[in-house]
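Okay, input_35.txt now, which holds compact mmCIF, C-alpha atoms:
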# COMPACT_ATOMS: atom_id res chain seq x y z
CA MET B 1 0.00 0.00 0.00
CA GLU B 2 1.22 3.49 -0.78
CA MET B 3 -0.09 6.07 1.65
CA THR B 4 -0.27 9.61 0.31
CA ASN B 5 -1.76 11.04 3.49
CA SER B 6 -3.91 9.99 6.42
CA PHE B 7 -7.05 9.76 4.29
CA CYS B 8 -6.02 8.83 0.78
CA SER B 9 -4.71 5.38 -0.04
CA VAL B 10 -4.12 3.55 -3.30
CA GLY B 11 -3.85 -0.19 -3.84
CA ASP B 12 -5.67 -3.20 -2.49
CA SER B 13 -2.84 -4.15 -0.06
CA GLY B 14 -2.81 -7.86 -0.57
CA ASN B 15 -6.10 -9.13 0.81
CA GLY B 16 -7.66 -5.67 1.02
CA ALA B 17 -6.60 -4.40 4.43
CA ALA B 18 -5.18 -1.18 3.04
CA ARG B 19 -8.21 0.75 4.16
CA LEU B 20 -7.90 -0.75 7.61
CA GLU B 21 -4.23 0.04 8.19
CA LEU B 22 -2.44 -2.99 9.53
CA ALA B 23 -0.26 -0.56 11.38
CA LYS B 24 1.68 -3.12 13.37
CA ALA B 25 2.21 -5.22 10.29
CA TRP B 26 4.25 -2.40 8.80
CA ARG B 27 6.17 -1.57 11.94
CA PRO B 28 9.93 -2.26 11.99
CA SER B 29 10.92 -5.66 13.34
CA PRO B 30 14.16 -6.66 15.04
CA ARG B 31 15.63 -6.31 11.54
CA SER B 32 14.69 -2.64 11.47
CA ASN B 33 18.25 -1.59 10.57
CA HIS B 34 17.78 -3.34 7.25
CA PHE B 35 16.72 -1.34 4.22
CA ILE B 36 15.54 -2.25 0.74
CA LEU B 37 16.86 -0.60 -2.40
CA GLU B 38 14.33 -0.95 -5.20
CA ALA B 39 14.07 -0.27 -8.93
CA PHE B 40 10.50 0.56 -9.95
CA ASP B 41 9.60 0.30 -13.64
CA ARG B 42 7.12 3.04 -14.56
CA ASP B 43 6.17 1.25 -17.78
CA LEU B 44 5.37 -2.10 -16.16
CA TRP B 45 4.25 -0.18 -13.04
CA CYS B 46 5.85 -2.54 -10.58
CA PRO B 47 9.22 -3.20 -8.90
CA VAL B 48 11.65 -5.13 -11.10
CA ALA B 49 14.68 -5.36 -8.78
CA GLN B 50 15.25 -5.22 -5.01
CA THR B 51 18.17 -5.79 -2.69
CA LEU B 52 18.32 -5.96 1.11
CA PHE B 53 21.21 -4.40 3.03
CA HIS B 54 22.11 -3.56 6.61
CA VAL B 55 22.84 -0.07 7.92
CA ALA B 56 24.88 0.14 11.10
CA ASP B 57 25.06 3.94 11.08
CA ILE B 58 21.72 5.58 10.33
CA ASP B 59 23.32 9.05 10.30
CA SER B 60 25.61 7.94 7.50
CA LEU B 61 22.61 6.95 5.40
CA ARG B 62 20.75 10.13 6.33
CA SER B 63 23.66 12.24 5.08
CA ILE B 64 23.22 10.71 1.62
CA LEU B 65 19.51 11.55 1.58
CA GLY B 66 20.17 15.17 2.47
CA ALA B 67 17.48 17.69 3.39
CA ALA B 68 14.66 15.29 2.48
CA ALA B 69 15.43 13.31 5.66
CA ASP B 70 15.89 16.24 8.04
CA GLU B 71 12.57 15.63 9.79
CA ASP B 72 12.78 11.83 9.69
CA PRO B 73 15.34 10.86 12.36
CA GLU B 74 14.65 7.11 12.14
CA LEU B 75 14.26 7.07 8.34
CA ARG B 76 10.79 5.56 8.35
CA ASN B 77 9.71 7.29 5.15
CA ALA B 78 10.36 6.11 1.61
CA TYR B 79 12.82 8.04 -0.55
CA HIS B 80 13.58 8.42 -4.24
CA LEU B 81 17.27 8.50 -5.10
CA ASP B 82 19.00 10.31 -7.94
CA ASP B 83 22.03 8.82 -9.71
CA ASP B 84 24.57 10.53 -7.45
CA GLN B 85 22.81 9.42 -4.26
CA LEU B 86 22.54 5.86 -5.58
CA ALA B 87 26.25 5.74 -6.48
CA THR B 88 27.24 7.04 -3.04
CA LEU B 89 24.98 4.57 -1.25
CA VAL B 90 26.23 1.59 -3.26
CA GLU B 91 29.86 2.47 -2.55
CA ARG B 92 29.44 3.38 1.13
CA PHE B 93 27.42 0.31 2.13
CA GLY B 94 28.81 -2.19 -0.33
CA VAL B 95 25.43 -2.82 -1.96
CA SER B 96 25.28 -4.91 -5.12
CA PHE B 97 22.91 -2.90 -7.30
CA ASP B 98 23.48 -1.73 -10.89
CA ARG B 99 20.52 0.04 -12.45
CA PHE B 100 22.19 0.03 -15.86
CA GLN B 101 21.90 -3.75 -16.04
CA LEU B 102 18.13 -3.35 -16.09
CA GLU B 103 16.45 -3.06 -19.48
CA SER B 104 13.89 -0.40 -18.63
CA ALA B 105 14.67 3.20 -19.54
CA ASP B 106 12.07 4.60 -17.14
CA LEU B 107 13.11 3.54 -13.65
CA VAL B 108 12.60 5.14 -10.26
CA ILE B 109 15.06 4.11 -7.57
CA GLY B 110 13.50 3.91 -4.12
CA LEU B 111 14.79 3.30 -0.60
CA PHE B 112 12.72 2.20 2.39
CA ARG B 113 12.95 0.18 5.58
CA TRP B 114 12.40 -3.55 5.64
CA ARG B 115 9.02 -4.35 7.21
CA ARG B 116 7.62 -7.43 8.88
CA LEU B 117 5.04 -7.88 6.16
CA ARG B 118 7.85 -8.97 3.84
CA GLU B 119 8.04 -12.21 5.80
CA ALA B 120 4.97 -13.38 3.88
CA PRO B 121 5.66 -16.77 2.23
CA TYR B 122 4.01 -15.62 -1.00
CA LEU B 123 3.89 -12.54 -3.20
CA ILE B 124 1.51 -9.95 -1.79
CA HIS B 125 -0.17 -8.24 -4.72
CA THR B 126 0.34 -4.66 -3.57
CA GLY B 127 2.59 -2.83 -6.02
CA TYR B 128 2.37 -5.70 -8.52
CA GLU B 129 -1.32 -5.36 -9.40
CA LEU B 130 -0.87 -4.58 -13.08
CA PRO B 131 1.46 -7.42 -14.16
CA LEU B 132 -0.47 -9.90 -12.01
CA LEU B 133 -3.76 -8.84 -13.62
CA LEU B 134 -2.25 -9.23 -17.08
CA ASP B 135 -0.82 -12.62 -16.14
CA GLY B 136 -4.19 -13.79 -14.82
CA ARG B 137 -2.85 -14.49 -11.33
CA LYS B 138 -4.76 -11.56 -9.89
CA LYS B 139 -8.49 -11.56 -10.51
CA LEU B 140 -9.52 -8.19 -9.09
CA ALA B 141 -7.80 -4.93 -8.16
CA ARG B 142 -9.45 -2.05 -6.34
CA MET B 143 -7.70 1.30 -6.27
CA SER B 144 -9.30 3.90 -4.00
CA HIS B 145 -8.50 7.44 -2.93
CA GLY B 146 -10.00 10.77 -1.97
CA TYR B 147 -10.49 13.25 -4.80
CA PRO B 148 -9.23 15.59 -6.10
CA PRO B 149 -7.13 14.55 -7.96
CA MET B 150 -9.30 12.41 -10.20
CA THR B 151 -6.55 9.88 -10.95
CA PHE B 152 -4.25 7.66 -8.90
CA ASP B 153 -0.55 7.23 -9.61
CA GLY B 154 -0.04 4.88 -12.53
CA GLU B 155 -3.67 4.86 -13.64
CA HIS B 156 -2.63 5.62 -17.22
CA ARG B 157 -0.71 2.34 -17.36
CA PHE B 158 -3.79 0.36 -16.29
CA ASP B 159 -5.95 2.28 -18.77
CA HIS B 160 -3.51 1.42 -21.56
CA TRP B 161 -4.35 -2.27 -21.16
CA VAL B 162 -8.06 -1.48 -20.84
CA ALA B 163 -7.82 0.19 -24.26
CA GLU B 164 -5.99 -2.89 -25.56
CA GLY B 165 -8.97 -5.02 -24.50
CA LEU B 166 -7.16 -7.12 -21.89
CA LEU B 167 -8.63 -5.54 -18.75
CA HIS B 168 -12.11 -4.47 -17.67
CA ARG B 169 -12.48 -1.20 -15.79
CA GLU B 170 -15.23 0.26 -13.60
CA GLU B 171 -15.20 3.55 -11.68
CA VAL B 172 -17.32 4.59 -8.69
CA ILE B 173 -17.56 8.20 -7.47
CA GLU B 174 -18.97 8.90 -3.99
CA PRO B 175 -19.27 12.65 -3.23
CA PHE B 176 -18.99 13.89 0.36
CA ASP B 177 -21.72 16.13 1.74
CA PRO B 178 -20.22 18.34 2.99
CA PRO B 179 -16.66 18.02 1.62
CA TYR B 180 -14.04 16.66 4.04
CA ARG B 181 -11.03 18.95 4.32
CA GLU B 182 -9.69 19.33 0.76
CA TYR B 183 -11.57 16.29 -0.54
CA LEU B 184 -14.85 16.43 -2.46
CA GLY B 185 -15.43 12.70 -2.27
CA HIS B 186 -14.10 9.17 -2.54
CA ARG B 187 -13.16 7.50 -5.81
CA THR B 188 -12.75 3.77 -6.44
CA VAL B 189 -11.53 2.19 -9.67
CA TYR B 190 -11.90 -1.56 -10.19
CA PHE B 191 -9.90 -3.63 -12.69
CA THR B 192 -10.34 -7.28 -13.63
CA PRO B 193 -9.08 -9.52 -16.42
CA LYS B 194 -11.71 -10.03 -19.09
CA GLY B 195 -14.21 -12.66 -18.00
CA GLU B 196 -13.81 -11.87 -14.29
CA GLU B 197 -16.09 -8.83 -14.20
CA TRP B 198 -18.50 -10.56 -11.80
CA ARG B 199 -15.99 -10.02 -9.01
CA ILE B 200 -16.70 -6.28 -8.92
CA PRO B 201 -20.36 -6.49 -7.77
CA ALA B 202 -19.32 -9.28 -5.40
CA SER B 203 -16.73 -6.98 -3.83
CA LYS B 204 -19.28 -4.19 -3.51
CA LEU B 205 -21.69 -6.59 -1.82
CA ILE B 206 -19.07 -7.58 0.76
CA TRP B 207 -18.36 -3.98 1.68
CA HIS B 208 -22.07 -3.21 1.88
CA ALA B 209 -22.53 -6.16 4.22
CA THR B 210 -19.88 -4.87 6.63
CA SER B 211 -22.01 -1.84 7.48
CA LYS B 212 -24.88 -4.15 8.44
CA SER B 213 -22.90 -6.63 10.53
CA GLY B 214 -20.63 -4.76 12.91
CA GLY B 215 -17.77 -3.86 10.60
CA TRP B 216 -14.90 -5.61 8.87
CA ASN B 217 -13.60 -8.90 10.26
CA GLU B 218 -11.48 -11.89 9.27
CA HIS B 219 -14.42 -13.57 7.51
CA PHE B 220 -14.94 -10.62 5.17
CA GLU B 221 -11.17 -10.49 4.74
CA ARG B 222 -11.12 -14.10 3.55
CA LEU B 223 -13.95 -13.50 1.09
CA GLU B 224 -12.23 -10.48 -0.38
CA GLY B 225 -8.88 -12.25 -0.53
CA THR B 226 -10.54 -14.99 -2.56
CA LEU B 227 -12.00 -12.39 -4.91
CA PHE B 228 -8.56 -10.85 -5.38
CA GLY B 229 -7.21 -14.23 -6.42
CA TYR B 230 -5.34 -15.44 -3.34
CA GLU B 231 -5.23 -19.15 -2.53
CA ASP B 232 -6.74 -20.58 0.66
CA TRP B 233 -3.39 -21.13 2.37
CA GLN B 234 -2.38 -17.56 1.55
CA ASN B 235 -5.59 -16.25 3.09
CA ASP B 236 -4.89 -18.38 6.16
CA TRP B 237 -1.46 -16.82 6.61
CA TRP B 238 -2.70 -13.28 6.01
CA ILE B 239 -5.57 -13.56 8.48
CA ASP B 240 -3.34 -15.02 11.18
CA PHE B 241 -0.82 -12.24 10.56
CA GLY B 242 -3.53 -9.60 10.67
CA LEU B 243 -4.99 -10.90 13.90
CA GLN B 244 -1.54 -10.85 15.50
CA GLY B 245 -0.87 -7.34 14.29
CA GLY B 246 -4.16 -5.82 15.36
CA GLY B 247 -5.37 -4.88 11.89
CA PHE B 248 -8.81 -5.94 10.70
CA GLY B 249 -9.14 -8.04 13.84
CA GLY B 250 -9.05 -5.00 16.12
CA VAL B 251 -6.45 -4.06 18.73
CA THR B 252 -4.33 -6.96 20.01
CA PHE B 253 -3.66 -7.55 23.71
CA SER B 254 -2.29 -10.38 25.79
CA CYS B 255 -2.77 -11.56 29.36
CA PRO B 256 -1.46 -14.34 31.59
CA VAL B 257 -3.89 -17.03 32.70
CA THR B 258 -3.76 -19.77 35.32
CA MET B 259 -4.09 -23.46 34.59
CA ALA B 260 -7.75 -23.29 35.59
CA GLY B 261 -8.25 -20.23 33.40
CA LEU B 262 -6.64 -21.97 30.46
CA ALA B 263 -8.96 -24.95 30.88
CA TRP B 264 -11.93 -22.54 31.03
CA ILE B 265 -10.85 -20.86 27.77
CA GLU B 266 -10.53 -24.22 26.05
CA ALA B 267 -13.96 -25.30 27.32
CA ALA B 268 -15.42 -22.02 25.98
CA GLY B 269 -14.08 -22.77 22.53
CA PHE B 270 -11.43 -20.04 22.77
CA ARG B 271 -14.17 -17.43 22.53
CA ALA B 272 -14.05 -15.86 26.02
CA LEU B 273 -11.61 -14.88 28.74
CA PRO B 274 -12.11 -16.71 32.06
CA PRO B 275 -13.46 -15.30 35.32
CA ILE B 276 -10.68 -14.64 37.83
CA GLU B 277 -10.31 -14.75 41.62
CA SER B 278 -8.15 -11.61 41.85
CA SER B 279 -9.59 -8.10 41.67
CA ALA B 280 -8.34 -7.29 38.18
CA LEU B 281 -7.12 -8.89 34.97
CA VAL B 282 -3.65 -7.71 33.95
CA ILE B 283 -3.34 -7.07 30.20
CA ALA B 284 -0.73 -5.57 27.90
CA SER B 285 -0.46 -4.86 24.20
CA TYR B 286 0.86 -7.81 22.22
CA ASP B 287 4.02 -7.62 20.13
CA VAL B 288 4.79 -10.75 18.17
CA ASP B 289 8.50 -9.85 18.15
CA ALA B 290 8.87 -9.13 21.88
CA ASN B 291 9.70 -12.64 23.12
CA ALA B 292 11.64 -11.40 26.16
CA ASP B 293 8.74 -9.23 27.27
CA LEU B 294 6.39 -12.17 26.82
CA ARG B 295 8.57 -14.37 29.03
CA ALA B 296 8.70 -11.70 31.74
CA PHE B 297 4.94 -11.19 31.53
CA MET B 298 4.48 -14.91 32.06
CA LEU B 299 6.97 -15.55 34.84
CA GLU B 300 6.24 -12.54 37.05
CA ASN B 301 3.21 -14.39 38.47
CA PRO B 302 3.99 -17.91 39.74
CA ASP B 303 0.36 -18.97 39.17
CA SER B 304 0.46 -18.16 35.44
CA ALA B 305 0.32 -21.20 33.20
CA ALA B 306 0.14 -19.45 29.83
CA VAL B 307 -0.13 -16.15 28.00
CA VAL B 308 -3.02 -15.73 25.59
CA ARG B 309 -3.60 -13.22 22.82
CA PHE B 310 -6.98 -11.66 22.07
CA ASN B 311 -8.36 -8.91 19.86
CA VAL B 312 -10.90 -6.24 20.68
CA LEU B 313 -12.49 -3.50 18.63
CA GLY B 314 -10.85 -0.41 20.08
CA GLN B 315 -13.77 1.97 19.73
CA ASN B 316 -15.94 -0.29 21.88
CA VAL B 317 -13.57 -0.63 24.85
CA ARG B 318 -12.25 2.87 25.38
CA ASP B 319 -13.84 3.01 28.82
CA LEU B 320 -12.24 -0.35 29.71
CA ILE B 321 -8.76 -0.02 28.24
CA ASP B 322 -6.50 2.98 27.76
CA LEU B 323 -5.51 2.53 24.11
CA ARG B 324 -2.89 5.26 24.33
CA HIS B 325 -0.27 3.05 25.94
CA GLY B 326 0.66 -0.60 25.87
CA GLY B 327 0.36 -1.34 29.57
CA PRO B 328 0.41 -3.37 31.65
CA GLN B 329 -3.01 -2.14 32.76
CA HIS B 330 -5.89 -3.60 34.70
CA VAL B 331 -9.43 -4.57 33.79
CA GLN B 332 -11.62 -5.00 36.85
CA ALA B 333 -12.80 -8.57 37.37
CA GLU B 334 -16.48 -7.64 37.21
CA ARG B 335 -15.94 -6.10 33.75
CA ILE B 336 -14.36 -9.13 32.06
CA GLY B 337 -17.79 -10.06 30.72
CA GLU B 338 -18.01 -6.69 29.04
CA LEU B 339 -14.57 -7.24 27.55
CA ASN B 340 -15.67 -10.66 26.27
CA ARG B 341 -18.63 -9.14 24.46
CA ASN B 342 -16.20 -7.09 22.39
CA LEU B 343 -13.72 -9.82 21.48
CA ARG B 344 -12.96 -10.22 17.77
CA GLY B 345 -12.06 -13.71 16.62
CA SER B 346 -10.62 -16.50 18.73
CA ILE B 347 -8.32 -16.35 21.72
CA VAL B 348 -4.88 -17.78 20.91
CA ILE B 349 -2.33 -19.34 23.27
CA VAL B 350 1.00 -17.68 22.46
CA ALA B 351 3.20 -19.08 25.25
CA ARG B 352 3.07 -21.75 27.93
CA ARG B 353 5.06 -21.71 31.16
CA ASP B 354 6.34 -25.27 30.76
CA ASN B 355 7.68 -24.49 27.28
CA LEU B 356 9.45 -21.34 28.47
CA GLU B 357 10.97 -23.02 31.49
CA SER B 358 12.19 -26.00 29.47
CA SER B 359 13.81 -23.68 26.91
CA GLU B 360 15.61 -21.78 29.69
CA SER B 361 17.04 -24.98 31.16
CA VAL B 362 18.62 -26.08 27.89
The structure given in the file should be rewritten as C-alpha cells.
Amino acid sequence: MEMTNSFCSVGDSGNGAARLELAKAWRPSPRSNHFILEAFDRDLWCPVAQTLFHVADIDSLRSILGAAADEDPELRNAYHLDDDQLATLVERFGVSFDRFQLESADLVIGLFRWRRLREAPYLIHTGYELPLLLDGRKKLARMSHGYPPMTFDGEHRFDHWVAEGLLHREEVIEPFDPPYREYLGHRTVYFTPKGEEWRIPASKLIWHATSKSGGWNEHFERLEGTLFGYEDWQNDWWIDFGLQGGGFGGVTFSCPVTMAGLAWIEAAGFRALPPIESSALVIASYDVDANADLRAFMLENPDSAAVVRFNVLGQNVRDLIDLRHGGPQHVQAERIGELNRNLRGSIVIVARRDNLESSESV
C-alpha cells in the first residue's frame, strides 16, 4: 500500500486491508536496521529489482539523503534516489545494485525500511497489481483514494491495457456532503481480467454487508482475498498475521492465565476470557516480536500457566482499556464479561510456562 496522506490510499494491499491500516504489520521488526533498495519500472508499473542491506550507522545513510530526511530521524519514510545518491549509497554500504543492467529506460530508484510484512511466504499483490492482472494471477484490483485529484498514480498504465482489450475497468464516485477537508469525495476504480467482471459487484456486496454486521472482520477479509485471487493457504497466513498485528481483527492484547483459566478458555471454545479470583485482569499490548517481554509477563506471576492473545475493537472498549499506551493495565474482574462481548475472533495461546521453562534450562 502506498499512503499519500492519512485519508487517501491507493492499492488493495494484498487481501484488502489497506483501508484498515495494519499498522503493526508495517512496523519495523528486530531487523529494522535493514533497508531495501528498489528499482520501480514506470512502464510495467511494478518493482523489477530489489536488494536488502544492513545499515549500522543511520546518520551515515541520512547524510546521503540530504534535506529530504531532516525531519525523519529514524528514516521511516520512503525516498527516491537520484544517480549521485545511488552511487554514493552503493559504494558506502557495499550494496550490489546496478541500475544500468536493467532493461527499462524509465526507472525510479527507491529506498525504504524492511518491514515485517515482507516475511509473507508468497507474493503480496500490492505494487504488482498490473502485471499480475495481465498474467491472470490476480483476478480483481481495487484502487481507492480521496479526490481531487481524479486519478491515482499509474492509472494511465492500467488504462492502456483497458484500451488494448485485456482488462475491464469500472469507476465509482462517492461525493462527500459536505466536503471533508480538501476532498470532495471518494473515488474507487476496479480492474479485472476479461471474464472476471463478476468479481466487482461481489466486492461491492461484501463492503455493503460490513455496514450491516458490525464492521470488517477476518471472515470478510477471507472473502475479499478470494475475490482478489489469493489461494486458501495464503488467506490463512494473512488472516493469522492480521490478527496478531491488530489490523482488521481489532487491537491486540495479551494476558497471563492460570491453569484453571486456560482450561476454562478451552472449554469455551477459545471465545471468552475466564473469570478470575483476583480483583483485576492484567493485560498488555501484544508484540509478536517481543519474546523477552512475553517471558517476563508470564513468569512474574507464579500462578500463570500461559499467555493468551486476544483482539478487541478499540472503539468499543475505550472506557475499559487505555488505548494510548501498551500497559500493563488492569481490567476490573467484574468487567471481564463486558470485555468478552467485544472480542474479535478466537483467543490464541501464544506461550506456555512449561515451554518457556524447558527452553531456559537447555
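Taking atom CA of Val95 of chain B and atom CA of Ile36 of chain B as the two end points, the separation is 10.3 Å.
Distances here use all atoms listed in the file; by that measure, the residue among B:Glu171, B:Asp135, B:Glu91, B:Asp41 closest to Val108 of chain B is B:Asp41.
Atom to atom, atom CA of Asn311 of chain B and atom CA of Leu223 of chain B stand 20.1 Å apart.
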Spatial neighbours of Phe220 of chain B, max dist 9 Å, all atoms listed in the file, sep filter under 6 positions, as a ChimeraX atom specification: /B:206-207,209-210
Non-local contacts of segment 162-170 of chain B (12 Å; only C-alpha atoms; under 3 positions in same chain excluded) as an mmCIF file with C-alpha atoms, in the coordinates of the input:
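Generated output (result12.cif):
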data_model
loop_
_atom_site.group_PDB
_atom_site.id
_atom_site.type_symbol
_atom_site.label_atom_id
_atom_site.label_comp_id
_atom_site.auth_asym_id
_atom_site.auth_seq_id
_atom_site.Cartn_x
_atom_site.Cartn_y
_atom_site.Cartn_z
ATOM 1 C CA GLU B 129 -1.320 -5.360 -9.400
ATOM 2 C CA LEU B 130 -0.870 -4.580 -13.080
ATOM 3 C CA PRO B 131 1.460 -7.420 -14.160
ATOM 4 C CA LEU B 132 -0.470 -9.900 -12.010
ATOM 5 C CA LEU B 133 -3.760 -8.840 -13.620
ATOM 6 C CA LEU B 134 -2.250 -9.230 -17.080
ATOM 7 C CA ASP B 135 -0.820 -12.620 -16.140
ATOM 8 C CA GLY B 136 -4.190 -13.790 -14.820
ATOM 9 C CA LYS B 138 -4.760 -11.560 -9.890
ATOM 10 C CA LYS B 139 -8.490 -11.560 -10.510
ATOM 11 C CA LEU B 140 -9.520 -8.190 -9.090
ATOM 12 C CA ALA B 141 -7.800 -4.930 -8.160
ATOM 13 C CA ARG B 142 -9.450 -2.050 -6.340
ATOM 14 C CA MET B 143 -7.700 1.300 -6.270
ATOM 15 C CA SER B 144 -9.300 3.900 -4.000
ATOM 16 C CA GLU B 155 -3.670 4.860 -13.640
ATOM 17 C CA HIS B 156 -2.630 5.620 -17.220
ATOM 18 C CA ARG B 157 -0.710 2.340 -17.360
ATOM 19 C CA PHE B 158 -3.790 0.360 -16.290
ATOM 20 C CA ASP B 159 -5.950 2.280 -18.770
ATOM 21 C CA ILE B 173 -17.560 8.200 -7.470
ATOM 22 C CA ARG B 187 -13.160 7.500 -5.810
ATOM 23 C CA THR B 188 -12.750 3.770 -6.440
ATOM 24 C CA VAL B 189 -11.530 2.190 -9.670
ATOM 25 C CA TYR B 190 -11.900 -1.560 -10.190
ATOM 26 C CA PHE B 191 -9.900 -3.630 -12.690
ATOM 27 C CA THR B 192 -10.340 -7.280 -13.630
ATOM 28 C CA PRO B 193 -9.080 -9.520 -16.420
ATOM 29 C CA LYS B 194 -11.710 -10.030 -19.090
ATOM 30 C CA GLY B 195 -14.210 -12.660 -18.000
ATOM 31 C CA GLU B 196 -13.810 -11.870 -14.290
ATOM 32 C CA GLU B 197 -16.090 -8.830 -14.200
ATOM 33 C CA TRP B 198 -18.500 -10.560 -11.800
ATOM 34 C CA ARG B 199 -15.990 -10.020 -9.010
ATOM 35 C CA ILE B 200 -16.700 -6.280 -8.920
ATOM 36 C CA PRO B 201 -20.360 -6.490 -7.770
ATOM 37 C CA LYS B 204 -19.280 -4.190 -3.510
#
Segment 272-288 of chain B surroundings by all atoms listed in the file, 8 Å radius, close-in-sequence under 5 positions cut, as a PyMOL selection string: chain B and resi 244-245+252-256+261-262+264-265+309+326-333+336+340+343+347
For the residues selected in the previous step, produce a file with C-alpha atoms as a short mmCIF file (atom, residue, chain, number, x, y, z; two decimals), in the frame of the given file.
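So part-v9.cif came out as:
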data_model
loop_
_atom_site.label_atom_id
_atom_site.label_comp_id
_atom_site.auth_asym_id
_atom_site.auth_seq_id
_atom_site.Cartn_x
_atom_site.Cartn_y
_atom_site.Cartn_z
CA GLN B 244 -1.54 -10.85 15.50
CA GLY B 245 -0.87 -7.34 14.29
CA THR B 252 -4.33 -6.96 20.01
CA PHE B 253 -3.66 -7.55 23.71
CA SER B 254 -2.29 -10.38 25.79
CA CYS B 255 -2.77 -11.56 29.36
CA PRO B 256 -1.46 -14.34 31.59
CA GLY B 261 -8.25 -20.23 33.40
CA LEU B 262 -6.64 -21.97 30.46
CA TRP B 264 -11.93 -22.54 31.03
CA ILE B 265 -10.85 -20.86 27.77
CA ARG B 309 -3.60 -13.22 22.82
CA GLY B 326 0.66 -0.60 25.87
CA GLY B 327 0.36 -1.34 29.57
CA PRO B 328 0.41 -3.37 31.65
CA GLN B 329 -3.01 -2.14 32.76
CA HIS B 330 -5.89 -3.60 34.70
CA VAL B 331 -9.43 -4.57 33.79
CA GLN B 332 -11.62 -5.00 36.85
CA ALA B 333 -12.80 -8.57 37.37
CA ILE B 336 -14.36 -9.13 32.06
CA ASN B 340 -15.67 -10.66 26.27
CA LEU B 343 -13.72 -9.82 21.48
CA ILE B 347 -8.32 -16.35 21.72
#
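Atom pair atom CA of Phe152 of chain B / atom CA of Ile239 of chain B: separated by 27.5 Å.
Nearest-residue note for Gly94 of chain B: choosing from B:Ser63, B:Thr226, B:Asn235, B:Thr51, the minimum distance belongs to B:Thr51, counting all atoms listed in the file.
In this comparison, which uses all atoms listed in the file, the residue of B:Arg271, B:Tyr122, B:Gly154, B:Phe310 approaching Glu231 of chain B most closely is B:Tyr122.
The closest residue to Leu89 of chain B, picked from B:Pro178, B:Gly110, B:Pro148, B:Pro73 and counting only C-alpha atoms, is B:Gly110.
Proximity ranking of B:Trp233, B:Asp153, B:Asn77, B:Gly250 relative to Arg113 of chain B places B:Asn77 first, based on all atoms listed in the file.
Shown here are all protein and nucleic acid residues lying within 9 Å of (0.6, -17.0, 37.1), with only C-alpha atoms considered: Pro256, Val257, Thr258, Met259, Met298, Leu299, Glu300, Asn301, Pro302, Asp303, Ser304, Ala305, Ala306 and Arg353 of chain B.
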